[in-house]
$ cat my_file_15.cif   # mmCIF, C-alpha atoms
data_model
#
loop_
_atom_site.group_PDB
_atom_site.id
_atom_site.type_symbol
_atom_site.label_atom_id
_atom_site.label_comp_id
_atom_site.auth_asym_id
_atom_site.auth_seq_id
_atom_site.Cartn_x
_atom_site.Cartn_y
_atom_site.Cartn_z
ATOM 1 C CA MET I 862 0.000 0.000 0.000
ATOM 2 C CA ALA I 863 2.860 2.352 0.802
ATOM 3 C CA LYS I 864 4.352 1.717 -2.642
ATOM 4 C CA LEU I 865 1.112 2.846 -4.329
ATOM 5 C CA ILE I 866 1.074 6.044 -2.297
ATOM 6 C CA LEU I 867 4.707 6.744 -3.206
ATOM 7 C CA ILE I 868 4.000 6.121 -6.898
ATOM 8 C CA ALA I 869 0.980 8.448 -6.780
ATOM 9 C CA ILE I 870 3.026 11.181 -5.080
ATOM 10 C CA ALA I 871 5.849 10.742 -7.625
ATOM 11 C CA LEU I 872 3.407 11.039 -10.548
ATOM 12 C CA TRP I 873 1.809 14.101 -8.986
ATOM 13 C CA LEU I 874 5.228 15.761 -8.589
ATOM 14 C CA ILE I 875 6.197 14.926 -12.175
ATOM 15 C CA ILE I 876 2.984 16.504 -13.442
ATOM 16 C CA ILE I 877 3.589 19.674 -11.401
ATOM 17 C CA VAL I 878 7.193 19.947 -12.629
ATOM 18 C CA LEU I 879 6.145 19.465 -16.266
ATOM 19 C CA LYS I 880 3.405 22.094 -15.970
ATOM 20 C CA ARG I 881 5.853 24.620 -14.506
ATOM 21 C CA TYR I 882 8.423 23.813 -17.196
ATOM 22 C CA ARG I 883 5.835 24.293 -19.932
ATOM 23 C CA LYS I 884 4.662 27.563 -18.416
ATOM 24 C CA GLY I 885 8.269 28.792 -18.287
ATOM 25 C CA MET I 886 8.810 27.865 -21.934
ATOM 26 C CA ASP I 887 5.659 29.755 -22.959
ATOM 27 C CA GLN I 888 6.858 32.845 -21.105
ATOM 28 C CA GLN I 889 10.285 32.630 -22.754
ATOM 29 C CA GLU I 890 8.736 32.487 -26.217
ATOM 30 C CA GLY I 891 6.631 35.544 -25.448
ATOM 31 C CA ALA I 892 9.627 37.492 -24.181
ATOM 32 C CA SER I 893 11.848 36.573 -27.135
ATOM 33 C CA GLY I 894 9.447 38.052 -29.681
ATOM 34 C CA LYS I 895 8.266 34.766 -31.163
ATOM 35 C CA GLU I 896 4.656 35.701 -30.679
ATOM 36 C CA ARG I 897 2.208 35.136 -33.481
ATOM 37 C CA GLN I 898 2.279 37.657 -36.248
ATOM 38 C CA PRO I 899 -0.968 39.492 -36.898
ATOM 39 C CA THR I 900 -2.934 38.141 -39.817
ATOM 40 C CA GLU I 901 -2.738 39.915 -43.141
ATOM 41 C CA SER I 902 -5.397 40.416 -45.779
ATOM 42 C CA MET I 903 -5.168 38.308 -48.910
ATOM 43 C CA VAL I 904 -5.996 39.880 -52.273
ATOM 44 C CA GLN I 905 -6.598 38.369 -55.692
ATOM 45 C CA CYS I 906 -4.550 39.242 -58.760
ATOM 46 C CA ALA I 907 -6.849 41.012 -61.220
ATOM 47 C CA TYR I 908 -5.087 39.278 -64.132
ATOM 48 C CA CYS I 909 -4.599 35.626 -63.194
ATOM 49 C CA GLY I 910 -6.692 35.283 -60.018
ATOM 50 C CA VAL I 911 -3.950 33.992 -57.715
ATOM 51 C CA HIS I 912 -4.308 35.012 -54.055
ATOM 52 C CA ILE I 913 -1.349 36.795 -52.441
ATOM 53 C CA PRO I 914 -0.753 38.790 -49.244
ATOM 54 C CA GLU I 915 -1.709 42.424 -49.705
ATOM 55 C CA SER I 916 1.774 43.604 -48.739
ATOM 56 C CA ASP I 917 3.296 41.534 -51.592
ATOM 57 C CA SER I 918 0.855 42.748 -54.221
ATOM 58 C CA LEU I 919 1.312 45.573 -56.691
ATOM 59 C CA LYS I 920 -1.567 48.020 -56.858
ATOM 60 C CA ALA I 921 -2.504 49.929 -60.003
ATOM 61 C CA ARG I 922 -5.720 51.217 -61.554
ATOM 62 C CA GLY I 923 -7.620 50.215 -58.399
ATOM 63 C CA HIS I 924 -6.639 46.530 -58.699
ATOM 64 C CA HIS I 925 -4.051 44.267 -57.110
ATOM 65 C CA PHE I 926 -1.546 42.304 -59.200
ATOM 66 C CA CYS I 927 0.869 39.498 -58.344
ATOM 67 C CA CYS I 928 3.732 40.686 -60.574
ATOM 68 C CA GLN I 929 4.882 43.521 -62.797
ATOM 69 C CA ALA I 930 4.070 41.596 -66.011
ATOM 70 C CA HIS I 931 0.432 41.205 -65.003
ATOM 71 C CA MET I 932 0.235 44.835 -63.954
ATOM 72 C CA ASP I 933 1.613 45.928 -67.369
ATOM 73 C CA ALA I 934 -0.750 43.660 -69.342
ATOM 74 C CA PRO I 935 -3.381 45.406 -71.481
ATOM 75 C CA GLU I 936 -6.398 46.445 -69.464
ATOM 76 C CA ASP I 937 -8.964 44.620 -71.636
ATOM 77 C CA VAL I 938 -7.292 41.279 -70.790
ATOM 78 C CA ASN I 939 -7.908 41.981 -67.084
ATOM 79 C CA ASP I 940 -11.690 41.630 -67.489
ATOM 80 C CA ASN I 941 -11.634 37.851 -66.781
#
$ encode --input "my_file_15.cif" --output "structure tokens"
Amino acid sequence: MAKLILIAIALWLIIIVLKRYRKGMDQQEGASGKERQPTESMVQCAYCGVHIPESDSLKARGHHFCCQAHMDAPEDVNDN
């Protein structure tokens, strides 16, 4: 019976130590700047329809484009 109590206490201590370790790791990640980046809007290329992050897109004539070649394409082709 004493062995069961000792095993239960040992398991309980292991669980507490692991929880504290995990909490410490989470705090370290937050302090080191590895927090999640804010989400960014996705836009669709007006020429080919591919979706890209808004910060990577090129904007012209009120539309977003994925590359310079698509932005320079004739405007009537963009009416897909």
$ axis_aligned_box --input "my_file_15.cif" --around "region 922-932 of chain I" --padding-each-side "6 Å" --output "lines of an AutoDock Vina configuration file"
center_x = -1.4
center_y = 45.4
center_z = -61.6
size_x = 24.5
size_y = 23.7
size_z = 20.9
$ atom_distance --input "my_file_15.cif" --atom1 "CA of Ala921 (chain I)" --atom2 "CA of Cys909 (chain I)"
14.8 Å
$ closest_residue --input "my_file_15.cif" --among "I:Pro935, I:Pro914, I:Gly885, I:Gly923" --to "Ser902 (chain I)" --atoms "all atoms listed in the file"
I:Pro914
$ resolve_selection --input "my_file_15.cif" --expression "the PyMOL selection byres ((chain I and resi 915) around 9)" --output "PyMOL selection string"
chain I and resi 901-905+912-914+916-919+925
$ atom_distance --input "my_file_15.cif" --atom1 "CA of Lys920 (chain I)" --atom2 "CA of Asp933 (chain I)"
11.2 Å
$ atom_distance --input "my_file_15.cif" --atom1 "CA of Tyr908 (chain I)" --atom2 "CA of Gln929 (chain I)"
10.9 Å
$ decode --input "my_file_15.cif" --residues "region 867-936 of chain I" --atoms "C-alpha atoms" --output "PDB file, in the first residue's frame"
ATOM      1  CA  LEU I 867       4.707   6.744  -3.206  1.00  0.00           C
ATOM      2  CA  ILE I 868       4.000   6.121  -6.898  1.00  0.00           C
ATOM      3  CA  ALA I 869       0.980   8.448  -6.780  1.00  0.00           C
ATOM      4  CA  ILE I 870       3.026  11.181  -5.080  1.00  0.00           C
ATOM      5  CA  ALA I 871       5.849  10.742  -7.625  1.00  0.00           C
ATOM      6  CA  LEU I 872       3.407  11.039 -10.548  1.00  0.00           C
ATOM      7  CA  TRP I 873       1.809  14.101  -8.986  1.00  0.00           C
ATOM      8  CA  LEU I 874       5.228  15.761  -8.589  1.00  0.00           C
ATOM      9  CA  ILE I 875       6.197  14.926 -12.175  1.00  0.00           C
ATOM     10  CA  ILE I 876       2.984  16.504 -13.442  1.00  0.00           C
ATOM     11  CA  ILE I 877       3.589  19.674 -11.401  1.00  0.00           C
ATOM     12  CA  VAL I 878       7.193  19.947 -12.629  1.00  0.00           C
ATOM     13  CA  LEU I 879       6.145  19.465 -16.266  1.00  0.00           C
ATOM     14  CA  LYS I 880       3.405  22.094 -15.970  1.00  0.00           C
ATOM     15  CA  ARG I 881       5.853  24.620 -14.506  1.00  0.00           C
ATOM     16  CA  TYR I 882       8.423  23.813 -17.196  1.00  0.00           C
ATOM     17  CA  ARG I 883       5.835  24.293 -19.932  1.00  0.00           C
ATOM     18  CA  LYS I 884       4.662  27.563 -18.416  1.00  0.00           C
ATOM     19  CA  GLY I 885       8.269  28.792 -18.287  1.00  0.00           C
ATOM     20  CA  MET I 886       8.810  27.865 -21.934  1.00  0.00           C
ATOM     21  CA  ASP I 887       5.659  29.755 -22.959  1.00  0.00           C
ATOM     22  CA  GLN I 888       6.858  32.845 -21.105  1.00  0.00           C
ATOM     23  CA  GLN I 889      10.285  32.630 -22.754  1.00  0.00           C
ATOM     24  CA  GLU I 890       8.736  32.487 -26.217  1.00  0.00           C
ATOM     25  CA  GLY I 891       6.631  35.544 -25.448  1.00  0.00           C
ATOM     26  CA  ALA I 892       9.627  37.492 -24.181  1.00  0.00           C
ATOM     27  CA  SER I 893      11.848  36.573 -27.135  1.00  0.00           C
ATOM     28  CA  GLY I 894       9.447  38.052 -29.681  1.00  0.00           C
ATOM     29  CA  LYS I 895       8.266  34.766 -31.163  1.00  0.00           C
ATOM     30  CA  GLU I 896       4.656  35.701 -30.679  1.00  0.00           C
ATOM     31  CA  ARG I 897       2.208  35.136 -33.481  1.00  0.00           C
ATOM     32  CA  GLN I 898       2.279  37.657 -36.248  1.00  0.00           C
ATOM     33  CA  PRO I 899      -0.968  39.492 -36.898  1.00  0.00           C
ATOM     34  CA  THR I 900      -2.934  38.141 -39.817  1.00  0.00           C
ATOM     35  CA  GLU I 901      -2.738  39.915 -43.141  1.00  0.00           C
ATOM     36  CA  SER I 902      -5.397  40.416 -45.779  1.00  0.00           C
ATOM     37  CA  MET I 903      -5.168  38.308 -48.910  1.00  0.00           C
ATOM     38  CA  VAL I 904      -5.996  39.880 -52.273  1.00  0.00           C
ATOM     39  CA  GLN I 905      -6.598  38.369 -55.692  1.00  0.00           C
ATOM     40  CA  CYS I 906      -4.550  39.242 -58.760  1.00  0.00           C
ATOM     41  CA  ALA I 907      -6.849  41.012 -61.220  1.00  0.00           C
ATOM     42  CA  TYR I 908      -5.087  39.278 -64.132  1.00  0.00           C
ATOM     43  CA  CYS I 909      -4.599  35.626 -63.194  1.00  0.00           C
ATOM     44  CA  GLY I 910      -6.692  35.283 -60.018  1.00  0.00           C
ATOM     45  CA  VAL I 911      -3.950  33.992 -57.715  1.00  0.00           C
ATOM     46  CA  HIS I 912      -4.308  35.012 -54.055  1.00  0.00           C
ATOM     47  CA  ILE I 913      -1.349  36.795 -52.441  1.00  0.00           C
ATOM     48  CA  PRO I 914      -0.753  38.790 -49.244  1.00  0.00           C
ATOM     49  CA  GLU I 915      -1.709  42.424 -49.705  1.00  0.00           C
ATOM     50  CA  SER I 916       1.774  43.604 -48.739  1.00  0.00           C
ATOM     51  CA  ASP I 917       3.296  41.534 -51.592  1.00  0.00           C
ATOM     52  CA  SER I 918       0.855  42.748 -54.221  1.00  0.00           C
ATOM     53  CA  LEU I 919       1.312  45.573 -56.691  1.00  0.00           C
ATOM     54  CA  LYS I 920      -1.567  48.020 -56.858  1.00  0.00           C
ATOM     55  CA  ALA I 921      -2.504  49.929 -60.003  1.00  0.00           C
ATOM     56  CA  ARG I 922      -5.720  51.217 -61.554  1.00  0.00           C
ATOM     57  CA  GLY I 923      -7.620  50.215 -58.399  1.00  0.00           C
ATOM     58  CA  HIS I 924      -6.639  46.530 -58.699  1.00  0.00           C
ATOM     59  CA  HIS I 925      -4.051  44.267 -57.110  1.00  0.00           C
ATOM     60  CA  PHE I 926      -1.546  42.304 -59.200  1.00  0.00           C
ATOM     61  CA  CYS I 927       0.869  39.498 -58.344  1.00  0.00           C
ATOM     62  CA  CYS I 928       3.732  40.686 -60.574  1.00  0.00           C
ATOM     63  CA  GLN I 929       4.882  43.521 -62.797  1.00  0.00           C
ATOM     64  CA  ALA I 930       4.070  41.596 -66.011  1.00  0.00           C
ATOM     65  CA  HIS I 931       0.432  41.205 -65.003  1.00  0.00           C
ATOM     66  CA  MET I 932       0.235  44.835 -63.954  1.00  0.00           C
ATOM     67  CA  ASP I 933       1.613  45.928 -67.369  1.00  0.00           C
ATOM     68  CA  ALA I 934      -0.750  43.660 -69.342  1.00  0.00           C
ATOM     69  CA  PRO I 935      -3.381  45.406 -71.481  1.00  0.00           C
ATOM     70  CA  GLU I 936      -6.398  46.445 -69.464  1.00  0.00           C
TER      71      GLU I 936
END
